[in-house]
$ cat entry-v3.csv   # CSV, C-alpha atoms and all ligand atoms
chain,number,residue,atom,x,y,z
A,1,MET,CA,-25.1,-22.5,26.9
A,2,SER,CA,-24.5,-23.2,23.3
A,3,ASP,CA,-24.3,-26.8,22.0
A,4,SER,CA,-20.5,-26.7,21.5
A,5,SER,CA,-19.5,-24.8,24.7
A,6,PRO,CA,-17.7,-26.8,27.3
A,7,ALA,CA,-19.7,-28.4,30.1
A,8,ILE,CA,-17.0,-27.6,32.6
A,9,VAL,CA,-14.6,-24.6,32.6
A,10,VAL,CA,-11.9,-24.4,35.3
A,11,ASP,CA,-10.0,-21.2,35.2
A,12,ASN,CA,-6.9,-20.6,37.2
A,13,LEU,CA,-8.1,-22.4,40.3
A,14,VAL,CA,-6.2,-22.0,43.6
A,15,LYS,CA,-6.9,-23.6,47.0
A,16,THR,CA,-4.7,-23.0,50.0
A,17,PHE,CA,-5.1,-24.6,53.4
A,18,ALA,CA,-3.4,-22.7,56.2
A,19,GLY,CA,-0.6,-21.5,53.9
A,20,MET,CA,-0.3,-24.9,52.1
A,21,THR,CA,-1.2,-24.7,48.4
A,22,ALA,CA,-3.3,-27.9,47.5
A,23,VAL,CA,-4.4,-26.6,44.1
A,24,ASN,CA,-2.0,-24.3,42.3
A,25,HIS,CA,-3.5,-22.4,39.3
A,26,ILE,CA,-5.2,-25.2,37.6
A,27,SER,CA,-7.1,-24.6,34.3
A,28,PHE,CA,-8.9,-27.0,32.1
A,29,ASN,CA,-12.1,-27.5,30.1
A,30,VAL,CA,-14.3,-30.6,29.7
A,31,ALA,CA,-16.5,-30.9,26.6
A,32,GLN,CA,-20.1,-31.9,26.8
A,33,GLY,CA,-20.5,-35.7,26.8
A,34,GLU,CA,-16.7,-36.2,27.4
A,35,ILE,CA,-15.4,-38.6,30.0
A,36,LEU,CA,-12.3,-37.2,31.7
A,37,GLY,CA,-9.9,-39.2,33.9
A,38,PHE,CA,-8.4,-37.2,36.7
A,39,LEU,CA,-5.1,-38.7,37.8
A,40,GLY,CA,-2.4,-37.9,40.3
A,41,PRO,CA,-0.3,-39.4,43.1
A,42,ASN,CA,-1.7,-39.3,46.7
A,43,GLY,CA,-2.1,-35.7,47.9
A,44,ALA,CA,-1.8,-34.2,44.4
A,45,GLY,CA,-5.0,-32.2,44.9
A,46,LYS,CA,-7.6,-34.3,43.0
A,47,SER,CA,-10.2,-34.5,45.7
A,48,THR,CA,-9.8,-30.9,46.6
A,49,THR,CA,-10.3,-29.9,43.0
A,50,MET,CA,-13.4,-32.1,42.7
A,51,ARG,CA,-14.9,-30.7,45.9
A,52,ILE,CA,-14.5,-27.2,44.5
A,53,LEU,CA,-16.0,-28.2,41.2
A,54,THR,CA,-19.1,-29.5,43.0
A,55,GLY,CA,-19.4,-26.5,45.3
A,56,PHE,CA,-18.6,-28.4,48.5
A,57,LEU,CA,-15.5,-26.3,49.1
A,58,PRO,CA,-14.9,-22.7,48.2
A,59,ALA,CA,-11.8,-21.9,46.1
A,60,THR,CA,-9.2,-19.4,47.3
A,61,SER,CA,-9.2,-17.9,43.9
A,62,GLY,CA,-10.1,-18.7,40.3
A,63,ASN,CA,-13.4,-19.6,38.6
A,64,VAL,CA,-15.4,-22.7,37.8
A,65,GLN,CA,-18.3,-22.8,35.5
A,66,ILE,CA,-20.6,-25.8,35.1
A,67,CYS,CA,-22.8,-25.6,32.0
A,68,GLY,CA,-22.3,-21.8,32.0
A,69,HIS,CA,-23.2,-21.3,35.7
A,70,SER,CA,-20.7,-20.1,38.2
A,71,VAL,CA,-20.1,-22.6,41.1
A,72,ALA,CA,-19.2,-19.8,43.5
A,73,SER,CA,-22.3,-17.6,42.9
A,74,GLU,CA,-25.1,-19.9,41.6
A,75,THR,CA,-25.1,-22.7,44.2
A,76,GLY,CA,-28.8,-23.5,43.6
A,77,ALA,CA,-28.4,-24.1,39.9
A,78,ILE,CA,-25.1,-26.0,40.4
A,79,LYS,CA,-26.8,-28.5,42.7
A,80,ARG,CA,-29.1,-29.6,39.9
A,81,LEU,CA,-26.4,-29.7,37.3
A,82,ILE,CA,-24.0,-32.0,39.1
A,83,GLY,CA,-24.2,-35.6,40.5
A,84,TYR,CA,-21.3,-36.1,42.9
A,85,MET,CA,-19.9,-39.3,44.3
A,86,PRO,CA,-17.4,-38.3,46.9
A,87,GLU,CA,-14.3,-40.2,48.0
A,88,ASN,CA,-15.2,-43.0,50.4
A,89,ASN,CA,-18.8,-42.6,49.3
A,90,PRO,CA,-20.5,-41.9,52.7
A,91,LEU,CA,-24.0,-43.5,52.7
A,92,PRO,CA,-26.6,-43.8,55.5
A,93,GLU,CA,-26.0,-47.3,57.1
A,94,ASP,CA,-29.5,-47.8,58.3
A,95,MET,CA,-31.5,-47.1,55.2
A,96,ARG,CA,-32.7,-49.6,52.6
A,97,VAL,CA,-31.4,-49.1,49.0
A,98,VAL,CA,-34.7,-48.1,47.5
A,99,GLU,CA,-35.6,-45.9,50.5
A,100,TYR,CA,-32.3,-44.1,50.2
A,101,LEU,CA,-32.7,-43.5,46.4
A,102,TYR,CA,-36.3,-42.3,47.0
A,103,TYR,CA,-35.2,-40.0,49.8
A,104,ARG,CA,-32.4,-38.5,47.7
A,105,GLY,CA,-34.7,-38.1,44.7
A,106,ARG,CA,-37.1,-36.1,46.8
A,107,LEU,CA,-34.3,-33.9,48.1
A,108,LYS,CA,-33.3,-33.3,44.5
A,109,GLU,CA,-36.9,-32.2,43.9
A,110,MET,CA,-37.6,-34.9,41.4
A,111,PRO,CA,-41.4,-35.3,40.8
A,112,ARG,CA,-42.9,-38.2,42.7
A,113,SER,CA,-44.6,-39.4,39.6
A,114,LYS,CA,-41.3,-40.0,37.8
A,115,LEU,CA,-39.2,-41.1,40.7
A,116,GLY,CA,-40.4,-44.7,41.0
A,117,ALA,CA,-39.8,-45.4,37.3
A,118,ARG,CA,-36.4,-43.8,37.4
A,119,ILE,CA,-35.3,-45.8,40.5
A,120,ASP,CA,-36.4,-49.0,38.7
A,121,GLU,CA,-34.3,-48.0,35.7
A,122,LEU,CA,-31.3,-47.4,37.9
A,123,LEU,CA,-31.7,-50.6,39.9
A,124,GLU,CA,-31.5,-52.4,36.5
A,125,LEU,CA,-28.6,-50.3,35.1
A,126,CYS,CA,-26.5,-50.5,38.3
A,127,ASP,CA,-27.3,-54.2,38.9
A,128,LEU,CA,-28.9,-53.5,42.2
A,129,LYS,CA,-32.3,-55.2,41.8
A,130,ARG,CA,-31.3,-58.1,44.1
A,131,VAL,CA,-30.5,-55.8,47.0
A,132,ARG,CA,-33.2,-53.2,46.5
A,133,HIS,CA,-34.7,-53.9,49.9
A,134,ARG,CA,-31.4,-54.6,51.8
A,135,ILE,CA,-30.0,-52.3,54.5
A,136,ILE,CA,-27.1,-50.3,53.0
A,137,GLY,CA,-24.9,-50.9,56.1
A,138,LYS,CA,-25.1,-54.7,55.3
A,139,LEU,CA,-24.1,-54.4,51.7
A,140,SER,CA,-20.7,-55.4,50.3
A,141,LYS,CA,-18.3,-52.6,49.1
A,142,GLY,CA,-19.2,-53.3,45.4
A,143,PHE,CA,-22.9,-52.8,46.0
A,144,ARG,CA,-22.3,-49.7,48.1
A,145,GLN,CA,-20.2,-48.2,45.3
A,146,ARG,CA,-23.0,-48.9,42.9
A,147,VAL,CA,-25.6,-47.3,45.2
A,148,GLY,CA,-23.3,-44.2,45.3
A,149,ILE,CA,-23.2,-44.1,41.4
A,150,ALA,CA,-27.0,-44.7,41.2
A,151,GLU,CA,-27.5,-41.7,43.6
A,152,ALA,CA,-25.1,-39.5,41.5
A,153,ILE,CA,-26.9,-40.1,38.2
A,154,LEU,CA,-30.4,-40.4,39.8
A,155,ALA,CA,-31.7,-36.9,38.7
A,156,GLU,CA,-29.9,-37.3,35.3
A,157,PRO,CA,-27.7,-34.2,35.8
A,158,PRO,CA,-25.6,-33.2,32.8
A,159,VAL,CA,-22.3,-33.5,34.8
A,160,ILE,CA,-21.1,-36.4,37.0
A,161,ILE,CA,-18.1,-36.2,39.2
A,162,MET,CA,-16.8,-39.4,40.8
A,163,ASP,CA,-13.9,-39.5,43.2
A,164,GLU,CA,-12.4,-43.0,43.1
A,165,PRO,CA,-15.5,-44.9,42.1
A,166,THR,CA,-13.7,-48.3,41.8
A,167,ILE,CA,-11.6,-48.1,45.0
A,168,GLY,CA,-11.6,-51.3,46.9
A,169,LEU,CA,-13.5,-53.3,44.3
A,170,ASP,CA,-12.6,-56.7,43.0
A,171,PRO,CA,-12.0,-57.1,39.2
A,172,HIS,CA,-15.5,-58.4,38.6
A,173,GLN,CA,-17.1,-55.4,40.3
A,174,ILE,CA,-14.7,-53.0,38.5
A,175,LEU,CA,-15.9,-54.4,35.3
A,176,ILE,CA,-19.5,-53.7,36.2
A,177,VAL,CA,-18.7,-50.1,37.3
A,178,ARG,CA,-16.7,-49.6,34.1
A,179,ASP,CA,-19.6,-50.7,31.9
A,180,LEU,CA,-21.9,-48.5,33.9
A,181,ILE,CA,-19.6,-45.4,33.3
A,182,ALA,CA,-19.2,-46.4,29.6
A,183,ARG,CA,-23.0,-46.3,29.3
A,184,LEU,CA,-23.0,-42.6,30.3
A,185,ARG,CA,-20.7,-41.7,27.4
A,186,GLY,CA,-22.2,-39.0,25.2
A,187,ARG,CA,-25.2,-38.6,27.6
A,188,MET,CA,-23.4,-37.0,30.5
A,189,THR,CA,-20.1,-35.2,31.1
A,190,VAL,CA,-18.1,-37.3,33.5
A,191,ILE,CA,-14.9,-36.7,35.6
A,192,ILE,CA,-13.5,-39.7,37.3
A,193,SER,CA,-10.5,-39.8,39.6
A,194,SER,CA,-8.8,-43.1,40.0
A,195,HIS,CA,-5.5,-44.8,40.8
A,196,ILE,CA,-6.4,-47.7,38.6
A,197,LEU,CA,-4.8,-46.5,35.4
A,198,PRO,CA,-5.9,-49.3,33.0
A,199,GLU,CA,-9.4,-48.5,34.2
A,200,ILE,CA,-9.0,-44.9,33.2
A,201,GLU,CA,-7.4,-45.7,29.9
A,202,MET,CA,-10.3,-48.0,29.0
A,203,THR,CA,-13.0,-45.7,30.1
A,204,CYS,CA,-11.9,-42.1,29.5
A,205,ASP,CA,-11.7,-40.0,26.3
A,206,ARG,CA,-9.1,-37.7,27.8
A,207,VAL,CA,-6.9,-37.6,31.0
A,208,LEU,CA,-5.6,-34.8,33.1
A,209,ILE,CA,-2.6,-35.6,35.3
A,210,ILE,CA,-1.9,-33.4,38.3
A,211,ASN,CA,1.0,-33.3,40.7
A,212,GLN,CA,1.5,-31.0,43.7
A,213,GLY,CA,-1.6,-29.1,42.7
A,214,ARG,CA,-0.5,-28.4,39.1
A,215,VAL,CA,-1.6,-29.9,35.8
A,216,VAL,CA,1.5,-31.8,34.5
A,217,ALA,CA,-0.1,-33.5,31.5
A,218,ALA,CA,-3.4,-33.4,29.6
A,219,GLY,CA,-4.7,-35.1,26.5
A,220,GLU,CA,-6.0,-38.3,24.9
A,221,PRO,CA,-4.1,-41.3,26.3
A,222,ALA,CA,-2.6,-42.2,22.9
A,223,ALA,CA,-1.4,-38.6,22.2
A,224,LEU,CA,0.1,-38.4,25.7
A,225,LYS,CA,2.0,-41.5,25.2
A,226,ARG,CA,3.5,-40.0,22.0
A,227,GLU,CA,4.1,-36.6,23.6
A,228,ILE,CA,5.7,-37.9,26.9
A,229,LEU,CA,7.2,-41.2,25.9
A,230,GLY,CA,8.2,-40.6,22.3
A,231,ARG,CA,6.6,-42.6,19.5
A,232,SER,CA,7.8,-46.1,20.0
A,233,ARG,CA,9.9,-48.0,22.5
A,234,TYR,CA,12.0,-51.2,22.2
A,235,GLN,CA,13.5,-53.5,24.7
A,236,LEU,CA,16.8,-55.3,24.0
A,237,ASP,CA,18.5,-58.0,25.9
A,238,LEU,CA,22.0,-57.5,24.6
A,239,ALA,CA,25.7,-57.9,25.5
A,240,GLY,CA,27.9,-55.1,24.4
A,241,GLU,CA,29.2,-51.6,25.1
A,242,SER,CA,26.6,-48.8,25.4
A,243,ALA,CA,28.7,-46.4,23.3
A,244,ASP,CA,28.9,-49.0,20.5
A,245,LEU,CA,25.2,-49.5,20.8
A,246,ALA,CA,24.5,-45.8,20.7
A,247,ALA,CA,26.6,-45.5,17.5
A,248,ALA,CA,24.9,-48.5,15.8
A,249,LEU,CA,21.5,-47.0,16.6
A,250,ALA,CA,22.4,-43.6,15.3
A,251,ALA,CA,23.4,-45.2,12.0
A,252,ILE,CA,20.0,-46.9,11.7
A,253,ASP,CA,18.0,-43.9,12.7
A,254,PRO,CA,19.2,-40.6,14.2
A,255,SER,CA,16.2,-40.5,16.6
A,256,LEU,CA,16.8,-44.0,18.0
A,257,GLN,CA,18.2,-43.5,21.5
A,258,ILE,CA,19.0,-45.5,24.6
A,259,ILE,CA,16.7,-44.3,27.4
A,260,SER,CA,17.7,-46.8,30.1
A,261,GLU,CA,20.0,-49.7,30.6
A,262,GLY,CA,20.2,-52.3,33.3
A,263,SER,CA,23.2,-54.0,35.0
A,264,PRO,CA,24.9,-56.9,33.2
A,265,ASP,CA,24.0,-60.5,34.3
A,266,GLN,CA,26.8,-63.1,34.7
A,267,ASP,CA,26.9,-63.6,30.9
A,268,GLY,CA,27.3,-59.9,30.2
A,269,PHE,CA,23.7,-59.3,28.9
A,270,ARG,CA,21.8,-56.2,29.9
A,271,ALA,CA,18.3,-54.8,29.4
A,272,PHE,CA,18.3,-51.7,27.2
A,273,GLU,CA,15.3,-49.6,26.6
A,274,LEU,CA,15.2,-47.6,23.3
A,275,SER,CA,12.9,-44.9,22.0
A,276,VAL,CA,12.4,-43.5,18.5
A,277,GLU,CA,10.4,-40.5,17.4
A,278,HIS,CA,8.1,-42.1,14.8
A,279,ASP,CA,5.6,-44.9,14.5
A,280,SER,CA,7.2,-47.1,11.8
A,281,ASP,CA,8.4,-50.4,13.2
A,282,CYS,CA,12.2,-50.6,13.5
A,283,SER,CA,12.2,-54.2,14.9
A,284,GLU,CA,13.4,-55.8,11.7
A,285,VAL,CA,16.2,-53.4,10.9
A,286,LEU,CA,17.3,-53.5,14.6
A,287,LEU,CA,17.3,-57.3,14.6
A,288,LYS,CA,19.3,-57.6,11.4
A,289,THR,CA,21.8,-54.9,12.3
A,290,LEU,CA,22.5,-55.9,15.9
A,291,ALA,CA,22.5,-59.7,15.3
A,292,THR,CA,25.1,-59.4,12.6
A,293,ASP,CA,27.4,-56.9,14.3
A,294,ASP,CA,30.4,-58.6,16.0
A,295,ARG,CA,30.4,-56.0,18.8
A,296,PHE,CA,27.1,-57.3,20.2
A,297,ARG,CA,25.4,-60.5,21.2
A,298,LEU,CA,21.6,-60.2,21.0
A,299,ARG,CA,19.3,-62.5,23.1
A,300,GLY,CA,16.0,-60.7,22.8
A,301,LEU,CA,14.2,-57.8,21.1
A,302,SER,CA,10.6,-56.6,21.6
A,303,ARG,CA,8.6,-53.5,20.7
A,304,ALA,CA,7.0,-52.2,23.9
A,305,GLN,CA,3.5,-50.9,24.1
A,306,PRO,CA,3.6,-48.1,26.6
A,307,THR,CA,0.7,-47.9,29.1
A,308,LEU,CA,-1.0,-45.0,30.8
A,309,GLU,CA,1.0,-46.0,33.9
A,310,ASP,CA,4.2,-45.2,32.0
A,311,VAL,CA,2.8,-41.8,31.0
A,312,PHE,CA,1.7,-41.2,34.6
A,313,LEU,CA,5.1,-42.1,36.0
A,314,ALA,CA,7.0,-40.0,33.4
A,315,ALA,CA,4.7,-37.0,33.8
A,316,THR,CA,4.8,-36.9,37.6
A,317,LYS,CA,8.6,-37.6,37.6
A,318,ARG,CA,9.1,-34.8,35.1
A,319,SER,CA,7.1,-32.4,37.3
A,320,TRP,CA,9.1,-33.5,40.4
A,321,ASP,CA,12.4,-33.0,38.5
A,322,ILE,CA,11.3,-29.4,37.7
A,323,VAL,CA,10.3,-28.7,41.3
A,324,ASP,CA,13.5,-30.3,42.6
A,325,ARG,CA,15.8,-28.7,40.1
A,326,PRO,CA,18.0,-26.1,41.8
A,327,ALA,CA,17.4,-22.5,40.7
A,328,ALA,CA,19.3,-21.8,37.4
A,329,ASP,CA,22.7,-20.3,37.9
A,330,PRO,CA,22.5,-16.7,36.6
A,331,LYS,CA,26.0,-17.1,35.1
A,332,SER,CA,25.1,-20.1,33.0
B,1,LIG,N1,-9.4,-29.8,54.7
B,1,LIG,C1,-8.0,-29.8,54.5
B,1,LIG,N2,-7.3,-29.1,55.4
B,1,LIG,C2,-5.9,-29.1,55.2
B,1,LIG,N3,-5.3,-29.7,54.2
B,1,LIG,C3,-6.0,-30.4,53.3
B,1,LIG,C4,-7.4,-30.5,53.5
B,1,LIG,N4,-7.9,-31.2,52.4
B,1,LIG,C5,-6.8,-31.6,51.7
B,1,LIG,N5,-5.7,-31.1,52.3
B,1,LIG,C6,-4.3,-31.3,51.8
B,1,LIG,O1,-4.3,-30.9,50.4
B,1,LIG,C7,-3.4,-31.7,49.6
B,1,LIG,C8,-4.2,-32.3,48.5
B,1,LIG,O2,-5.2,-33.3,49.0
B,1,LIG,P1,-6.2,-34.0,48.2
B,1,LIG,O3,-7.1,-34.9,49.1
B,1,LIG,O4,-6.9,-33.1,47.3
B,1,LIG,O5,-5.3,-35.0,47.3
B,1,LIG,P2,-5.7,-36.2,46.4
B,1,LIG,O6,-5.0,-36.0,45.1
B,1,LIG,O7,-7.2,-36.4,46.3
B,1,LIG,O8,-5.0,-37.4,47.1
B,1,LIG,P3,-5.5,-38.9,47.3
B,1,LIG,O9,-5.2,-39.6,46.0
B,1,LIG,O10,-4.6,-39.4,48.4
B,1,LIG,O11,-7.0,-38.9,47.7
B,1,LIG,C9,-2.9,-32.8,50.6
B,1,LIG,O12,-1.6,-32.4,51.0
B,1,LIG,C10,-3.9,-32.7,51.7
B,1,LIG,O13,-3.3,-33.1,52.9
$ encode --input "entry-v3.csv" --output "structure tokens"
Amino acid sequence: MSDSSPAIVVDNLVKTFAGMTAVNHISFNVAQGEILGFLGPNGAGKSTTMRILTGFLPATSGNVQICGHSVASETGAIKRLIGYMPENNPLPEDMRVVEYLYYRGRLKEMPRSKLGARIDELLELCDLKRVRHRIIGKLSKGFRQRVGIAEAILAEPPVIIMDEPTIGLDPHQILIVRDLIARLRGRMTVIISSHILPEIEMTCDRVLIINQGRVVAAGEPAALKREILGRSRYQLDLAGESADLAAALAAIDPSLQIISEGSPDQDGFRAFELSVEHDSDCSEVLLKTLATDDRFRLRGLSRAQPTLEDVFLAATKRSWDIVDRPAADPKS
């Protein structure tokens, strides 16, 4: 594998379960050292895709290559290339933390001479020193998640796949896991699935959003916000007619548009959401124009900072709209 070739290549992946398509022609690459966030609503096909990537589940069709090796035909090599932390992170309840890591290290054929030092390093990195001799079944969820992460990175594989590594953790524990993942940046290629979108936004270089087994959006969070949500958004608290507002906005900037409006309160004020197709700040001109126009009464104006959650909701909604849209009328 050359230095610049992707660590992970997923090509036209399909998985069907008894006639139900869980993964529907998914293709994407992950660069070496990149941290990719894998997002999607419940049942979107994230875990199924991750299980195929790690070789746990055979694909119905399509190819996956990890560091130039085929997942389907080179299972021995793949095992050494991937550290996998599955959903729910099943761990042996009756083993002690160090015992378990030692046992997994031996299964991964790590040399005994190096294993002790590597485990010490991981206990430090994953903040597990205090519980090193504790029985895993007696550990809190946060410690168990970190044992799962320590196990996944134990043999320093080039690729790490983590299915919901922060599920069920409190904010403090999430912070520890986030730091841990950030420390892998550039050293390992990481795919993380999560429902905690601020987490993904803070941790990942790029995100891939899937819905109903298909990729519905992919890119860097900032670029996705621009692509899916437009450049900038504004919120107005204003009394006035929508048609008058639309006309006033068009006079300020042809790309300024109303994208949603709420119901009027008892004083006639409504929340309007606006979008504009560029980055320059329109707040001042909006304020001046709307506040001095007799057709409106303005009570509030703010420039909104879209979040990854907004992107996620818009991208998944967009894909549902496409699926739900009736077939085109051949006459139209
Ligand atoms: N072994 C299986 N047999 C039959 N159907 C399955 C199997 N595994 C997954 N599915 C179905 O495939 C679809 C995708 O499931 P998957 O677990 O990959 O979604 P997910 O995006 O990981 O969801 P979640 O966020 O809830 O974990 C779901 O409809 C699920 O019921």
$ residues_near_ligand --input "entry-v3.csv" --ligand "ligand LIG 1 (chain B)" --cutoff "10 Å" --atoms "all atoms listed in the file" --output "PDB file with C-alpha atoms, keeping the file's coordinate frame"
ATOM      1  CA  LYS A  15      -6.900 -23.600  47.000  1.00  0.00           C
ATOM      2  CA  THR A  16      -4.700 -23.000  50.000  1.00  0.00           C
ATOM      3  CA  PHE A  17      -5.100 -24.600  53.400  1.00  0.00           C
ATOM      4  CA  ALA A  18      -3.400 -22.700  56.200  1.00  0.00           C
ATOM      5  CA  GLY A  19      -0.600 -21.500  53.900  1.00  0.00           C
ATOM      6  CA  MET A  20      -0.300 -24.900  52.100  1.00  0.00           C
ATOM      7  CA  THR A  21      -1.200 -24.700  48.400  1.00  0.00           C
ATOM      8  CA  ALA A  22      -3.300 -27.900  47.500  1.00  0.00           C
ATOM      9  CA  VAL A  23      -4.400 -26.600  44.100  1.00  0.00           C
ATOM     10  CA  PHE A  38      -8.400 -37.200  36.700  1.00  0.00           C
ATOM     11  CA  LEU A  39      -5.100 -38.700  37.800  1.00  0.00           C
ATOM     12  CA  GLY A  40      -2.400 -37.900  40.300  1.00  0.00           C
ATOM     13  CA  PRO A  41      -0.300 -39.400  43.100  1.00  0.00           C
ATOM     14  CA  ASN A  42      -1.700 -39.300  46.700  1.00  0.00           C
ATOM     15  CA  GLY A  43      -2.100 -35.700  47.900  1.00  0.00           C
ATOM     16  CA  ALA A  44      -1.800 -34.200  44.400  1.00  0.00           C
ATOM     17  CA  GLY A  45      -5.000 -32.200  44.900  1.00  0.00           C
ATOM     18  CA  LYS A  46      -7.600 -34.300  43.000  1.00  0.00           C
ATOM     19  CA  SER A  47     -10.200 -34.500  45.700  1.00  0.00           C
ATOM     20  CA  THR A  48      -9.800 -30.900  46.600  1.00  0.00           C
ATOM     21  CA  THR A  49     -10.300 -29.900  43.000  1.00  0.00           C
ATOM     22  CA  MET A  50     -13.400 -32.100  42.700  1.00  0.00           C
ATOM     23  CA  ARG A  51     -14.900 -30.700  45.900  1.00  0.00           C
ATOM     24  CA  LEU A  57     -15.500 -26.300  49.100  1.00  0.00           C
ATOM     25  CA  GLU A  87     -14.300 -40.200  48.000  1.00  0.00           C
ATOM     26  CA  ASN A  88     -15.200 -43.000  50.400  1.00  0.00           C
ATOM     27  CA  ASP A 163     -13.900 -39.500  43.200  1.00  0.00           C
ATOM     28  CA  GLU A 164     -12.400 -43.000  43.100  1.00  0.00           C
ATOM     29  CA  SER A 193     -10.500 -39.800  39.600  1.00  0.00           C
ATOM     30  CA  SER A 194      -8.800 -43.100  40.000  1.00  0.00           C
ATOM     31  CA  HIS A 195      -5.500 -44.800  40.800  1.00  0.00           C
ATOM     32  CA  ILE A 210      -1.900 -33.400  38.300  1.00  0.00           C
ATOM     33  CA  ASN A 211       1.000 -33.300  40.700  1.00  0.00           C
ATOM     34  CA  GLN A 212       1.500 -31.000  43.700  1.00  0.00           C
ATOM     35  CA  GLY A 213      -1.600 -29.100  42.700  1.00  0.00           C
TER      36      GLY A 213
END
$ closest_residue --input "entry-v3.csv" --among "A:Lys141, A:Arg96, A:Lys108, A:Arg132" --to "Lys79 of chain A" --atoms "all atoms listed in the file"
A:Lys108
$ closest_residue --input "entry-v3.csv" --among "A:Glu99, A:Glu201, A:Glu151, A:Asp11" --to "Ile35 of chain A" --atoms "all atoms listed in the file"
A:Glu201
$ atom_distance --input "entry-v3.csv" --atom1 "atom CA of Ala248 of chain A" --atom2 "atom CA of Ala314 of chain A"
26.5 Å
$ atom_distance --input "entry-v3.csv" --atom1 "atom CA of Val64 of chain A" --atom2 "atom CA of Gly219 of chain A"
19.9 Å
$ closest_residue --input "entry-v3.csv" --among "A:Arg297, A:Lys225, A:Arg178, A:Arg270" --to "Leu125 of chain A" --atoms "only C-alpha atoms"
A:Arg178
$ atom_distance --input "entry-v3.csv" --atom1 "atom CA of Leu238 of chain A" --atom2 "atom CA of Thr289 of chain A"
12.6 Å
$ residues_around --input "entry-v3.csv" --residues "Glu93 of chain A" --least-positions-apart "6" --cutoff "8 Å" --atoms "all atoms listed in the file" --output "list in words"
Ile135, Ile136, Gly137 and Lys138 of chain A
$ residues_around --input "entry-v3.csv" --residues "Pro90 of chain A" --least-positions-apart "6" --cutoff "10 Å" --atoms "all atoms listed in the file" --output "ChimeraX atom specification"
/A:144-145,148
$ closest_residue --input "entry-v3.csv" --among "A:Ala250, A:Met85, A:Ala59, A:Leu128" --to "Val14 of chain A" --atoms "all atoms listed in the file"
A:Ala59
$ closest_residue --input "entry-v3.csv" --among "A:Leu139, A:Ile119, A:Val147, A:Ile192" --to "Pro165 of chain A" --atoms "all atoms listed in the file"
A:Ile192
$ closest_residue --input "entry-v3.csv" --among "A:Ala77, A:Ile167, A:Val9, A:Ile228" --to "Glu277 of chain A" --atoms "only C-alpha atoms"
A:Ile228
$ residues_near_point --input "entry-v3.csv" --point "(-22.6, -37.8, 31.6)" --cutoff "6 Å" --atoms "only C-alpha atoms" --output "MDAnalysis selection string"
chainID A and resid 33 158:160 184 187:190
$ decode --input "entry-v3.csv" --residues "segment 57-79 of chain A" --atoms "C-alpha atoms" --output "CSV table (one decimal), in the first residue's frame"
chain,number,residue,atom,x,y,z
A,57,LEU,CA,-20.4,-10.4,8.6
A,58,PRO,CA,-20.1,-11.4,4.9
A,59,ALA,CA,-21.4,-8.8,2.4
A,60,THR,CA,-24.1,-9.9,0.0
A,61,SER,CA,-22.1,-8.1,-2.7
A,62,GLY,CA,-19.5,-5.3,-3.1
A,63,ASN,CA,-15.9,-5.1,-1.9
A,64,VAL,CA,-14.1,-3.8,1.2
A,65,GLN,CA,-10.4,-3.3,1.3
A,66,ILE,CA,-8.5,-2.5,4.5
A,67,CYS,CA,-4.9,-1.2,3.9
A,68,GLY,CA,-5.0,-2.9,0.5
A,69,HIS,CA,-6.3,-6.3,1.7
A,70,SER,CA,-9.7,-7.7,0.8
A,71,VAL,CA,-11.9,-8.3,3.9
A,72,ALA,CA,-13.7,-11.1,2.1
A,73,SER,CA,-10.6,-13.2,1.1
A,74,GLU,CA,-7.8,-12.2,3.4
A,75,THR,CA,-9.3,-12.8,6.8
A,76,GLY,CA,-6.0,-13.5,8.6
A,77,ALA,CA,-4.5,-10.3,7.5
A,78,ILE,CA,-7.6,-8.3,8.3
A,79,LYS,CA,-7.7,-9.5,11.9
